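Asks: Sending over input-v6.txt (compact mmCIF, C-alpha atoms and all ligand atoms).
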# COMPACT_ATOMS: atom_id res chain seq x y z
CA MET A 142 -163.01 39.57 9.47
CA SER A 143 -160.36 40.21 12.07
CA ILE A 144 -160.24 43.21 14.40
CA ASP A 145 -157.60 45.78 13.39
CA LEU A 146 -155.08 46.65 16.06
CA SER A 147 -154.03 50.17 16.97
CA GLU A 148 -150.73 51.64 15.76
CA ARG A 149 -149.89 52.05 19.45
CA VAL A 150 -150.15 48.40 20.26
CA LYS A 151 -148.42 47.36 17.04
CA ARG A 152 -145.38 49.32 18.26
CA LEU A 153 -145.31 47.29 21.48
CA LYS A 154 -143.03 44.25 21.82
CA PRO A 155 -144.12 41.53 24.24
CA SER A 156 -142.06 41.57 27.43
CA ALA A 157 -138.95 39.41 26.84
CA SER A 158 -138.95 38.13 30.42
CA ILE A 159 -142.62 37.16 30.30
CA ALA A 160 -141.94 35.40 26.97
CA ALA A 161 -139.02 33.50 28.56
CA LYS A 162 -141.18 32.43 31.50
CA LYS A 163 -143.77 31.09 29.05
CA ARG A 164 -141.16 29.20 27.04
CA VAL A 165 -139.63 27.57 30.13
CA GLY A 166 -143.14 26.55 31.23
CA GLU A 167 -143.84 24.96 27.84
CA LEU A 168 -140.55 23.01 27.83
CA GLN A 169 -141.16 21.80 31.39
CA ALA A 170 -144.72 20.79 30.50
CA ALA A 171 -143.27 18.79 27.58
CA GLY A 172 -141.19 16.85 30.12
CA ARG A 173 -137.79 18.59 29.78
CA ARG A 174 -135.84 19.28 32.95
CA ILE A 175 -134.90 22.97 32.83
CA VAL A 176 -132.95 24.94 35.42
CA ASP A 177 -134.55 28.36 35.27
CA PHE A 178 -132.29 31.39 35.76
CA THR A 179 -134.66 33.77 33.96
CA LEU A 180 -136.73 34.54 37.05
CA GLY A 181 -137.23 38.21 37.81
CA GLU A 182 -138.80 37.49 41.17
CA PRO A 183 -137.92 36.07 44.57
CA ASP A 184 -138.37 32.31 44.84
CA LEU A 185 -139.05 32.81 48.56
CA ASP A 186 -142.63 33.04 49.82
CA THR A 187 -144.16 36.19 51.28
CA PRO A 188 -143.35 36.37 55.04
CA THR A 189 -146.12 34.86 57.20
CA PHE A 190 -147.00 38.03 59.13
CA ILE A 191 -147.89 39.74 55.84
CA VAL A 192 -150.05 36.82 54.71
CA GLU A 193 -151.79 36.89 58.13
CA ALA A 194 -152.43 40.62 57.72
CA ALA A 195 -154.15 39.95 54.39
CA ILE A 196 -156.36 37.27 55.92
CA ALA A 197 -157.25 39.62 58.78
CA ALA A 198 -158.09 42.36 56.25
CA MET A 199 -160.48 40.06 54.42
CA ARG A 200 -162.09 38.90 57.68
CA SER A 201 -162.62 42.49 58.76
CA GLY A 202 -164.38 43.35 55.51
CA GLN A 203 -161.62 45.31 53.75
CA THR A 204 -162.86 43.81 50.51
CA HIS A 205 -164.24 46.89 48.77
CA TYR A 206 -162.98 49.46 46.27
CA THR A 207 -160.65 51.93 47.96
CA ALA A 208 -159.73 55.53 47.18
CA THR A 209 -157.92 55.57 43.82
CA GLN A 210 -154.75 56.95 45.38
CA GLY A 211 -154.71 54.14 47.96
CA ILE A 212 -155.91 53.74 51.55
CA ALA A 213 -154.70 56.42 53.98
CA PRO A 214 -153.03 53.97 56.44
CA LEU A 215 -150.88 52.59 53.60
CA ARG A 216 -149.93 56.02 52.27
CA GLN A 217 -148.99 57.02 55.82
CA ALA A 218 -146.92 53.83 56.24
CA ILE A 219 -145.16 54.62 52.96
CA ALA A 220 -144.38 58.15 54.16
CA ARG A 221 -142.92 56.66 57.38
CA LYS A 222 -140.87 54.25 55.26
CA PHE A 223 -139.45 57.14 53.20
CA ARG A 224 -138.38 58.88 56.42
CA ARG A 225 -136.94 55.72 58.02
CA ASP A 226 -135.14 54.19 55.03
CA ASN A 227 -134.47 57.13 52.72
CA GLY A 228 -134.24 60.12 55.05
CA ILE A 229 -136.77 62.14 53.05
CA ASP A 230 -140.05 63.74 54.05
CA VAL A 231 -142.96 63.01 51.76
CA ASP A 232 -146.52 64.03 52.53
CA PRO A 233 -148.95 61.07 52.26
CA THR A 234 -151.07 63.19 49.89
CA GLN A 235 -148.15 63.03 47.46
CA VAL A 236 -148.09 59.22 47.50
CA ILE A 237 -150.02 56.99 45.10
CA VAL A 238 -150.48 53.24 45.17
CA GLY A 239 -150.87 51.08 42.07
CA ASN A 240 -150.99 47.51 40.82
CA GLY A 241 -147.22 47.17 40.87
CA ALA A 242 -144.45 49.66 40.17
CA LYS A 243 -144.84 48.77 36.51
CA GLN A 244 -148.34 50.22 36.34
CA LEU A 245 -147.22 53.46 37.96
CA ILE A 246 -144.30 53.81 35.53
CA TYR A 247 -146.72 53.22 32.67
CA GLU A 248 -149.24 55.77 33.92
CA ALA A 249 -146.56 58.37 34.64
CA PHE A 250 -145.49 58.23 31.00
CA ALA A 251 -149.10 58.12 29.80
CA ALA A 252 -149.71 61.24 31.88
CA THR A 253 -146.76 63.24 30.58
CA LEU A 254 -145.54 62.20 27.13
CA ASN A 255 -146.64 63.79 23.88
CA PRO A 256 -145.62 62.31 20.52
CA GLY A 257 -141.87 62.61 19.98
CA ASP A 258 -141.01 63.50 23.57
CA GLU A 259 -137.72 61.91 24.57
CA VAL A 260 -136.93 59.74 27.57
CA ILE A 261 -133.31 59.02 28.41
CA ILE A 262 -132.81 55.37 29.33
CA PRO A 263 -129.33 54.27 30.43
CA ALA A 264 -128.44 50.83 29.00
CA PRO A 265 -128.37 48.08 30.14
CA TYR A 266 -131.97 48.75 31.15
CA TRP A 267 -134.98 46.94 32.52
CA VAL A 268 -136.65 45.40 29.44
CA SER A 269 -139.94 47.23 29.88
CA TYR A 270 -138.76 50.86 29.91
CA PRO A 271 -138.33 51.42 26.15
CA ASP A 272 -141.60 49.71 25.28
CA ILE A 273 -143.59 51.56 27.94
CA VAL A 274 -142.16 54.83 26.61
CA SER A 275 -142.91 53.92 22.97
CA VAL A 276 -146.47 52.75 23.54
CA ASN A 277 -147.16 56.08 25.19
CA GLY A 278 -145.90 57.99 22.16
CA GLY A 279 -142.45 58.83 23.53
CA ARG A 280 -139.05 58.20 21.99
CA PRO A 281 -136.62 56.14 24.06
CA VAL A 282 -133.12 57.64 23.90
CA ILE A 283 -130.76 54.85 24.86
CA VAL A 284 -127.45 55.87 26.42
CA THR A 285 -124.95 53.02 26.61
CA CYS A 286 -123.17 52.68 29.96
CA PRO A 287 -120.26 50.31 29.30
CA GLU A 288 -119.02 47.58 31.62
CA GLU A 289 -115.74 49.54 32.13
CA ASP A 290 -117.82 52.32 33.75
CA GLY A 291 -119.52 49.82 36.04
CA PHE A 292 -122.66 50.05 33.84
CA LEU A 293 -123.31 53.47 35.37
CA LEU A 294 -124.42 56.63 33.58
CA THR A 295 -121.78 59.36 33.56
CA PRO A 296 -122.61 63.08 33.83
CA THR A 297 -120.92 63.67 30.46
CA ALA A 298 -123.06 61.05 28.73
CA LEU A 299 -126.19 62.48 30.35
CA GLU A 300 -125.35 66.04 29.31
CA ALA A 301 -124.74 64.88 25.73
CA ALA A 302 -128.09 63.06 25.55
CA ILE A 303 -130.27 65.96 26.69
CA THR A 304 -132.11 67.88 23.96
CA PRO A 305 -134.96 70.41 24.10
CA LYS A 306 -137.33 67.44 23.62
CA THR A 307 -136.07 65.50 26.65
CA ARG A 308 -138.83 65.02 29.21
CA TRP A 309 -137.46 62.37 31.55
CA LEU A 310 -134.32 60.61 32.70
CA ILE A 311 -134.88 57.16 34.20
CA LEU A 312 -132.47 55.99 36.88
CA ASN A 313 -132.80 52.47 38.26
CA SER A 314 -130.63 51.75 41.28
CA PRO A 315 -129.91 49.03 42.25
CA GLY A 316 -130.29 48.18 38.62
CA ASN A 317 -131.86 45.36 36.69
CA PRO A 318 -130.05 43.62 34.93
CA THR A 319 -126.59 44.58 36.22
CA GLY A 320 -127.06 45.15 39.96
CA ALA A 321 -125.13 48.42 39.61
CA VAL A 322 -125.71 50.87 42.47
CA TYR A 323 -125.38 54.67 42.16
CA ASP A 324 -123.51 56.16 45.11
CA ARG A 325 -123.96 59.64 46.53
CA ASP A 326 -121.16 61.23 44.52
CA ARG A 327 -122.40 59.91 41.20
CA LEU A 328 -125.96 60.94 42.03
CA ALA A 329 -124.76 64.42 42.97
CA ALA A 330 -122.89 64.71 39.67
CA LEU A 331 -125.95 63.59 37.69
CA THR A 332 -128.38 65.81 39.57
CA ASP A 333 -126.01 68.75 38.96
CA VAL A 334 -126.59 68.15 35.25
CA LEU A 335 -130.36 68.08 35.82
CA ASP A 336 -130.10 71.38 37.71
CA ARG A 337 -128.86 72.94 34.50
CA HIS A 338 -131.82 71.50 32.52
CA PRO A 339 -135.01 72.34 34.37
CA HIS A 340 -137.20 70.88 31.62
CA VAL A 341 -136.00 67.33 32.40
CA ALA A 342 -137.81 65.30 35.06
CA LEU A 343 -136.31 62.37 36.94
CA MET A 344 -137.94 58.99 37.38
CA THR A 345 -136.10 56.99 40.02
CA ASP A 346 -137.02 53.30 40.11
CA GLU A 347 -135.93 51.95 43.49
CA ILE A 348 -137.72 48.60 43.46
CA TYR A 349 -134.50 46.72 44.42
CA GLU A 350 -133.62 49.19 47.17
CA GLN A 351 -133.41 46.63 49.98
CA LEU A 352 -131.22 44.21 48.04
CA VAL A 353 -127.72 45.66 48.43
CA TYR A 354 -124.54 43.79 49.35
CA ASP A 355 -120.99 44.28 50.62
CA GLY A 356 -121.75 47.52 52.42
CA ALA A 357 -123.21 49.23 49.34
CA GLU A 358 -125.72 51.88 50.35
CA HIS A 359 -128.94 52.65 48.57
CA VAL A 360 -129.37 56.41 48.23
CA THR A 361 -132.42 58.06 46.74
CA PRO A 362 -131.53 60.99 44.44
CA LEU A 363 -133.96 63.19 46.39
CA LYS A 364 -131.77 62.87 49.47
CA VAL A 365 -128.82 64.23 47.50
CA ALA A 366 -130.81 66.80 45.51
CA PRO A 367 -133.98 67.80 47.41
CA GLN A 368 -134.37 70.72 45.00
CA LEU A 369 -135.58 68.20 42.39
CA ALA A 370 -138.68 67.28 44.44
CA ASP A 371 -141.04 69.16 42.13
CA ARG A 372 -139.83 67.20 39.08
CA CYS A 373 -139.04 63.77 40.47
CA LEU A 374 -141.17 60.65 40.58
CA LEU A 375 -139.85 58.11 43.06
CA VAL A 376 -141.13 54.61 42.25
CA ASN A 377 -140.91 51.63 44.58
CA GLY A 378 -142.99 48.62 45.53
CA MET A 379 -143.52 45.52 47.60
CA SER A 380 -142.59 42.92 44.96
CA LYS A 381 -138.89 42.38 45.47
CA ALA A 382 -138.20 43.44 49.08
CA TYR A 383 -141.09 41.48 50.60
CA ALA A 384 -141.36 38.67 48.03
CA MET A 385 -144.82 39.94 47.02
CA THR A 386 -144.69 39.91 43.21
CA GLY A 387 -148.10 38.27 42.80
CA TRP A 388 -149.81 40.74 45.12
CA ARG A 389 -149.26 43.51 42.58
CA LEU A 390 -148.58 46.44 44.86
CA GLY A 391 -146.34 49.35 43.99
CA TYR A 392 -146.16 52.94 45.10
CA ALA A 393 -144.81 56.28 43.93
CA ALA A 394 -144.24 59.75 45.34
CA GLY A 395 -144.09 62.94 43.35
CA PRO A 396 -145.37 66.45 42.84
CA PRO A 397 -149.14 66.89 43.36
CA GLY A 398 -149.94 67.70 39.71
CA LEU A 399 -148.34 64.49 38.46
CA ILE A 400 -149.78 62.33 41.26
CA GLY A 401 -153.23 63.78 40.47
CA ALA A 402 -152.83 62.98 36.76
CA ILE A 403 -151.73 59.40 37.52
CA ALA A 404 -154.75 59.06 39.84
CA LYS A 405 -157.02 60.29 37.05
CA LEU A 406 -155.65 57.58 34.73
CA LEU A 407 -155.86 54.85 37.38
CA GLY A 408 -159.42 55.93 38.13
CA GLN A 409 -160.37 55.12 34.53
CA ASN A 410 -158.22 52.04 34.42
CA THR A 411 -158.14 49.79 37.49
CA THR A 412 -160.06 52.09 39.90
CA CYS A 413 -157.63 51.26 42.70
CA ALA A 414 -155.08 48.67 43.76
CA ASN A 415 -156.27 45.48 45.44
CA SER A 416 -157.74 46.44 48.84
CA ILE A 417 -156.42 43.33 50.62
CA ALA A 418 -152.88 43.76 49.28
CA GLN A 419 -152.99 47.41 50.37
CA ALA A 420 -153.92 46.50 53.95
CA ALA A 421 -151.20 43.85 54.09
CA ALA A 422 -148.58 46.19 52.59
CA ALA A 423 -149.22 48.74 55.36
CA VAL A 424 -148.53 46.04 57.95
CA ALA A 425 -145.42 44.89 56.03
CA LEU A 426 -143.90 48.38 55.86
CA ASP A 427 -144.49 49.07 59.57
CA GLY A 428 -143.61 45.52 60.68
CA ASP A 429 -140.44 43.70 61.63
CA GLN A 430 -137.94 44.51 58.87
CA SER A 431 -135.59 41.70 59.91
CA VAL A 432 -137.39 39.49 57.36
CA VAL A 433 -136.00 41.71 54.60
CA ALA A 434 -132.47 41.53 56.01
CA ALA A 435 -132.74 37.73 56.25
CA MET A 436 -133.81 37.45 52.61
CA THR A 437 -130.99 39.76 51.53
CA ALA A 438 -128.44 37.63 53.41
CA ASP A 439 -129.82 34.59 51.61
CA TYR A 440 -129.45 36.26 48.20
CA ARG A 441 -125.89 37.28 49.02
CA ASN A 442 -124.90 33.64 49.66
CA ARG A 443 -126.48 32.61 46.39
CA ARG A 444 -124.78 35.47 44.53
CA ASP A 445 -121.38 34.46 45.93
CA ARG A 446 -121.89 30.84 44.94
CA MET A 447 -122.99 31.70 41.41
CA VAL A 448 -120.12 34.16 40.89
CA ALA A 449 -117.62 31.53 42.13
CA LEU A 450 -119.00 28.79 39.88
CA LEU A 451 -119.33 30.89 36.71
CA GLY A 452 -116.11 32.81 37.33
CA ALA A 453 -114.26 29.49 36.98
CA VAL A 454 -115.72 28.86 33.50
CA GLU A 455 -113.45 29.79 30.63
CA GLY A 456 -115.21 32.22 28.30
CA LEU A 457 -117.48 33.79 30.96
CA ARG A 458 -116.72 36.95 32.92
CA CYS A 459 -118.68 38.58 35.71
CA ALA A 460 -118.07 40.73 38.76
CA PRO A 461 -120.21 40.32 41.89
CA PRO A 462 -123.09 42.80 41.58
CA LYS A 463 -123.62 45.27 44.44
CA GLY A 464 -127.40 44.96 44.37
CA ALA A 465 -130.57 43.27 43.04
CA PHE A 466 -130.49 39.53 42.27
CA TYR A 467 -128.97 39.16 38.83
CA LEU A 468 -125.56 38.47 37.34
CA PHE A 469 -124.88 40.21 34.05
CA VAL A 470 -122.30 37.92 32.53
CA ASN A 471 -120.01 38.93 29.70
CA VAL A 472 -119.95 36.11 27.12
CA ALA A 473 -117.62 37.73 24.55
CA GLY A 474 -115.26 34.80 25.19
CA LEU A 475 -117.83 32.37 23.75
CA ILE A 476 -118.65 34.32 20.60
CA GLY A 477 -117.16 32.67 17.50
CA ARG A 478 -116.98 29.24 19.11
CA ARG A 479 -118.51 26.16 17.51
CA THR A 480 -121.13 23.95 19.22
CA PRO A 481 -120.94 20.13 19.05
CA ALA A 482 -123.83 20.36 16.55
CA GLY A 483 -121.64 22.51 14.31
CA THR A 484 -123.24 25.94 14.73
CA ILE A 485 -121.11 29.00 15.36
CA LEU A 486 -122.23 31.14 18.32
CA GLU A 487 -122.50 34.62 16.83
CA THR A 488 -124.62 36.53 19.36
CA ASP A 489 -125.71 36.34 22.98
CA LEU A 490 -129.05 35.10 21.68
CA ASP A 491 -127.20 32.13 20.13
CA VAL A 492 -125.48 31.47 23.48
CA MET A 493 -128.83 31.67 25.26
CA GLU A 494 -130.34 29.14 22.83
CA TYR A 495 -127.31 26.87 23.14
CA PHE A 496 -127.52 26.86 26.96
CA LEU A 497 -131.21 26.02 26.75
CA ASP A 498 -130.83 23.24 24.20
CA ALA A 499 -127.52 21.72 25.27
CA ALA A 500 -127.47 22.41 29.01
CA GLY A 501 -131.17 22.64 29.89
CA VAL A 502 -130.51 26.02 31.51
CA ALA A 503 -132.72 29.03 30.76
CA VAL A 504 -131.12 32.49 30.88
CA MET A 505 -131.96 35.89 29.38
CA ASP A 506 -130.00 37.39 26.46
CA GLY A 507 -128.27 40.74 27.04
CA ALA A 508 -129.72 42.14 23.82
CA SER A 509 -133.14 42.28 25.48
CA TYR A 510 -131.59 44.65 28.04
CA GLY A 511 -129.81 46.76 25.48
CA MET A 512 -126.27 45.37 25.75
CA SER A 513 -124.48 42.51 24.01
CA PRO A 514 -122.81 40.08 24.26
CA PHE A 515 -124.10 39.44 27.78
CA LEU A 516 -126.48 37.10 29.56
CA ARG A 517 -128.63 37.83 32.59
CA LEU A 518 -128.84 35.07 35.19
CA SER A 519 -131.10 35.43 38.21
CA PHE A 520 -129.82 34.09 41.52
CA ALA A 521 -133.24 34.39 43.14
CA THR A 522 -133.35 30.62 43.07
CA SER A 523 -132.20 27.79 45.34
CA LEU A 524 -128.54 26.98 45.97
CA ALA A 525 -129.23 23.48 44.64
CA ALA A 526 -130.49 24.94 41.34
CA ILE A 527 -127.46 27.26 41.20
CA GLU A 528 -125.05 24.32 41.66
CA ASP A 529 -126.92 22.22 39.13
CA GLY A 530 -127.42 24.92 36.47
CA CYS A 531 -123.90 26.34 36.68
CA GLY A 532 -122.49 22.81 36.43
CA HIS A 533 -124.44 22.26 33.20
CA ILE A 534 -123.30 25.65 31.85
CA ALA A 535 -119.67 24.76 32.61
CA ASP A 536 -120.06 21.43 30.74
CA ALA A 537 -121.73 23.15 27.78
CA CYS A 538 -118.91 25.73 27.59
CA ALA A 539 -116.25 23.00 27.81
CA ALA A 540 -117.90 21.22 24.86
CA LEU A 541 -117.42 24.24 22.58
CA ALA A 542 -114.63 24.18 20.03
CA ARG A 543 -112.82 27.24 18.72
CA GLY A 544 -114.68 28.48 15.64
CA ASP A 545 -111.68 27.80 13.42
CA ASP A 546 -111.17 24.21 14.73
CA ARG A 547 -112.13 21.46 12.27
C1 LIG B 1 -136.36 47.58 37.46
C2 LIG B 1 -137.75 47.12 37.69
N1 LIG B 1 -138.71 48.03 37.89
C3 LIG B 1 -139.99 47.67 38.09
C4 LIG B 1 -140.36 46.34 38.11
C5 LIG B 1 -141.81 45.99 38.31
O1 LIG B 1 -142.15 45.76 39.64
P1 LIG B 1 -143.64 45.48 40.08
O2 LIG B 1 -143.73 44.02 40.39
O3 LIG B 1 -143.84 46.32 41.31
O4 LIG B 1 -144.55 45.89 38.99
C6 LIG B 1 -139.39 45.34 37.90
C7 LIG B 1 -139.78 43.92 37.86
O5 LIG B 1 -139.08 43.06 37.40
C8 LIG B 1 -138.05 45.74 37.70
O6 LIG B 1 -137.08 44.85 37.49
Would you mind writing the file's structure down as structure tokens?
Replies:
Amino acid sequence: MSIDLSERVKRLKPSASIAAKKRVGELQAAGRRIVDFTLGEPDLDTPTFIVEAAIAAMRSGQTHYTATQGIAPLRQAIARKFRRDNGIDVDPTQVIVGNGAKQLIYEAFAATLNPGDEVIIPAPYWVSYPDIVSVNGGRPVIVTCPEEDGFLLTPTALEAAITPKTRWLILNSPGNPTGAVYDRDRLAALTDVLDRHPHVALMTDEIYEQLVYDGAEHVTPLKVAPQLADRCLLVNGMSKAYAMTGWRLGYAAGPPGLIGAIAKLLGQNTTCANSIAQAAAAVALDGDQSVVAAMTADYRNRRDRMVALLGAVEGLRCAPPKGAFYLFVNVAGLIGRRTPAGTILETDLDVMEYFLDAAGVAVMDGASYGMSPFLRLSFATSLAAIEDGCGHIADACAALARGDDR
């Protein structure tokens, strides 16, 4: 007899990016050489001073359970970071630390959604948002933000999506998968809409905050609209800025009632975040931030190289993203073409499969992020891999015939 699964978990799709990582691993284990552009994490290692801080924490016995909300020195360091980088004042009692930003997003929805409650998710979106909303009983309301609008939500589209059942709007800037960055004016226009709808809360996911290019500025919506403080959850974390994905350390700031509810859930779930990662994160946030700037400069070089190489390929179109470490490439020019094996490429999923099979290059399909026909390519990988992978993509595109060619 097998164990029956809950309706909740049956609704849940496995994470597309985790599935891609697994597939690349299997192909590599079977001996295939794959250039991997699916990565949603820095390829760089965590800076040494942060690693040393973790070792020191272990040596000094910081190896026990901590307060569920997180150790006080870390919450104070986070409050200092909000002042320094974002120009906002947050009391450390309104900060909570979790096992990654993802866990805090999950618990925030678990803490607030009742069946049928709606969450507005601008598309393209980070793969996990709709599933995290659904598994917690909510209804994802996807609002398409076309390429012509820079993949950004407009106030008109937001206004049109709000209903009496709307509980949250999620904004992710800089965004995964497009790298789009919301500037002050756009944030002001969107928060004006929220002012007119006091039943809608704002979740702002700022995990890529430090990764902005070409003079783009990261602005937190709370700086533009401080009046939203009692209905805004600001989510951030150590993963991307400090190359600490495996440490699993994220943080959030919000109104006391919500932070208390998230703490209640974490208390019955993981008890607290890893004590050693917490101690090291406090040192990272207060330490020399030039490591972050150096990593960002590195990503910018890689971005420029990838944009130059792919921009020269007939059938692909992409603009340099202002933030994060992904290119969201329009592949409409490849749809309808015929592969050397005789298949017609009908969707971005087909293009993704073709690149994997014919070019040995792994990418993510746009459909997983709510917009087709696009592909997401991560440039958080070495310049050598970028040269190699883009070369193979160019060859694979050149080998395609027009769909009507015989
Ligand atoms: C937009 C976005 N938010 C949150 C996360 C999760 O970050 P963490 O590693 O802190 O859980 C990711 C990771 O890919 C992401 O892309």
Asks: A:Thr345, A:Asn277, A:Ser513, A:Thr332: which is nearest Leu254 in chain A, counting all atoms listed in the file?
Replies: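 With all atoms listed in the file as the atom set, the closest residue is A:Asn277.
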Asks: Could you jot down the CA of Tyr467 in chain A to CA of Arg164 in chain A separation for me, Å, one decimal place?
Replies: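 Result for CA of Tyr467 in chain A versus CA of Arg164 in chain A: 19.7 Å, one decimal.
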Asks: Looking at A:Glu288, A:Asp232, A:Glu167, A:Glu182, which one is nearest to ligand LIG 1 (chain B), with distances taken over only C-alpha atoms and all ligand atoms?
Replies: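 Closest to ligand LIG 1 (chain B), using only C-alpha atoms and all ligand atoms: A:Glu182.
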Asks: Using all atoms listed in the file, which protein or nucleic acid residues are at most 6 Å from ligand LIG 1 (chain B), as an mmCIF file with C-alpha atoms, in the frame of the given file?
Replies:
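Result file follows (pocket.cif):
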data_model
loop_
_atom_site.group_PDB
_atom_site.id
_atom_site.type_symbol
_atom_site.label_atom_id
_atom_site.label_comp_id
_atom_site.auth_asym_id
_atom_site.auth_seq_id
_atom_site.Cartn_x
_atom_site.Cartn_y
_atom_site.Cartn_z
ATOM 1 C CA GLY A 181 -137.230 38.210 37.810
ATOM 2 C CA GLY A 241 -147.220 47.170 40.870
ATOM 3 C CA ALA A 242 -144.450 49.660 40.170
ATOM 4 C CA LYS A 243 -144.840 48.770 36.510
ATOM 5 C CA TRP A 267 -134.980 46.940 32.520
ATOM 6 C CA ASN A 317 -131.860 45.360 36.690
ATOM 7 C CA ASP A 346 -137.020 53.300 40.110
ATOM 8 C CA ILE A 348 -137.720 48.600 43.460
ATOM 9 C CA GLY A 378 -142.990 48.620 45.530
ATOM 10 C CA SER A 380 -142.590 42.920 44.960
ATOM 11 C CA THR A 386 -144.690 39.910 43.210
ATOM 12 C CA ARG A 389 -149.260 43.510 42.580
ATOM 13 C CA LEU A 390 -148.580 46.440 44.860
ATOM 14 C CA GLY A 391 -146.340 49.350 43.990
#
Asks: Between A:Ala434, A:Val341, A:Leu374, A:Leu215, which is the closest to Thr304 in chain A once you count all atoms listed in the file?
Replies: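 Of all the options, A:Val341 lies closest to Thr304 in chain A.
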Asks: From the list A:Met512, A:Ala438, A:Leu407, A:Ala218, which residue is nearest Ala251 in chain A when using all atoms listed in the file?
Replies: A:Leu407
Asks: Which residues are near range 350-357 of chain A? Cut-off 7 Å, all atoms listed in the file, ignore same chain within fewer than 5 positions. Put them as a PDB file with C-alpha atoms, in the frame of the given file.
Replies:
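Okay, out33.pdb is ready:
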ATOM      1  CA  PRO A 315    -129.910  49.030  42.250  1.00  0.00           C
ATOM      2  CA  ALA A 382    -138.200  43.440  49.080  1.00  0.00           C
ATOM      3  CA  THR A 437    -130.990  39.760  51.530  1.00  0.00           C
ATOM      4  CA  ARG A 441    -125.890  37.280  49.020  1.00  0.00           C
ATOM      5  CA  LYS A 463    -123.620  45.270  44.440  1.00  0.00           C
ATOM      6  CA  GLY A 464    -127.400  44.960  44.370  1.00  0.00           C
ATOM      7  CA  ALA A 465    -130.570  43.270  43.040  1.00  0.00           C
TER       8      ALA A 465
END
Asks: Mind checking which residues fall within 10 Å of Val470 in chain A, counting all atoms listed in the file, ignoring those fewer than 4 positions away in the same chain, and posting them as a list in words?
Replies: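 After dropping sequence-adjacent residues, the list is Pro318, Thr319, Val448, Leu451, Gly452, Leu457, Arg458, Cys459, Ala460, Pro461, Asp506, Gly507, Ser513, Pro514, Phe515, Leu516, Arg517 and Leu518 of chain A.
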Asks: Counting all atoms listed in the file, which residue out of A:Ile273, A:Val260, A:Ile229, A:Met447 sits closest to Arg149 in chain A?
Replies: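 Checking each candidate against Arg149 in chain A, we get A:Ile273 as the closest.
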Asks: So, counting all atoms listed in the file, which residue among A:Thr412, A:Gln419, A:Thr488, A:Thr361 is closest to Ala195 in chain A?
Replies: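 Ranking A:Thr412, A:Gln419, A:Thr488, A:Thr361 by distance to Ala195 in chain A, first place goes to A:Gln419.
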Asks: Which neighbours of Lys306 in chain A fall inside 8 Å, counting all atoms listed in the file, when residues of the same chain fewer than 6 positions from it are skipped, and could you give them as JSON, numbers by chain?
Replies: {"A": [257, 258, 259]}
Asks: Which distance in Å separates CA of Val274 in chain A and CA of Ile219 in chain A, to one decimal?
Replies: 26.5 Å
Asks: What's around Ala525 in chain A at 12 Å? Count only C-alpha atoms, leave out sequence neighbours fewer than 2 positions away in its own chain, and write the answer as a list in words.
Replies: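 My list of contacting residues is Val176, Asp177, Arg443, Arg446, Met447, Phe520, Ala521, Thr522, Ser523, Ile527, Glu528, Asp529, Gly530, Cys531 and Gly532 of chain A.
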Asks: Please, could you write that set of residues out with C-alpha atoms as a PDB file, in the coordinates of the input?
Replies:
ATOM      1  CA  VAL A 176    -132.950  24.940  35.420  1.00  0.00           C
ATOM      2  CA  ASP A 177    -134.550  28.360  35.270  1.00  0.00           C
ATOM      3  CA  ARG A 443    -126.480  32.610  46.390  1.00  0.00           C
ATOM      4  CA  ARG A 446    -121.890  30.840  44.940  1.00  0.00           C
ATOM      5  CA  MET A 447    -122.990  31.700  41.410  1.00  0.00           C
ATOM      6  CA  PHE A 520    -129.820  34.090  41.520  1.00  0.00           C
ATOM      7  CA  ALA A 521    -133.240  34.390  43.140  1.00  0.00           C
ATOM      8  CA  THR A 522    -133.350  30.620  43.070  1.00  0.00           C
ATOM      9  CA  SER A 523    -132.200  27.790  45.340  1.00  0.00           C
ATOM     10  CA  ILE A 527    -127.460  27.260  41.200  1.00  0.00           C
ATOM     11  CA  GLU A 528    -125.050  24.320  41.660  1.00  0.00           C
ATOM     12  CA  ASP A 529    -126.920  22.220  39.130  1.00  0.00           C
ATOM     13  CA  GLY A 530    -127.420  24.920  36.470  1.00  0.00           C
ATOM     14  CA  CYS A 531    -123.900  26.340  36.680  1.00  0.00           C
ATOM     15  CA  GLY A 532    -122.490  22.810  36.430  1.00  0.00           C
TER      16      GLY A 532
END
Asks: Need the shell around Ile403 in chain A: protein/DNA/RNA residues with any atom at most 12 Å away, counting all atoms listed in the file. Skip same-chain ones fewer than 2 positions apart. Format as an MDAnalysis selection string?
Replies: chainID A and resid 209:210 235:239 244:253 374 392:401 405:413
Asks: Please measure the separation of CA of Gln217 in chain A and CA of Ala420 in chain A, giving the value in Å to one decimal.
Replies: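 Pair CA of Gln217 in chain A / CA of Ala420 in chain A returns 11.8 Å.
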Asks: Can you find the residues with an atom no farther than 10 Å from (-157.5, 51.6, 51.7), counting all atoms listed in the file, and report them as number ranges by chain?
Replies: A: 203-216, 238, 413-420, 423
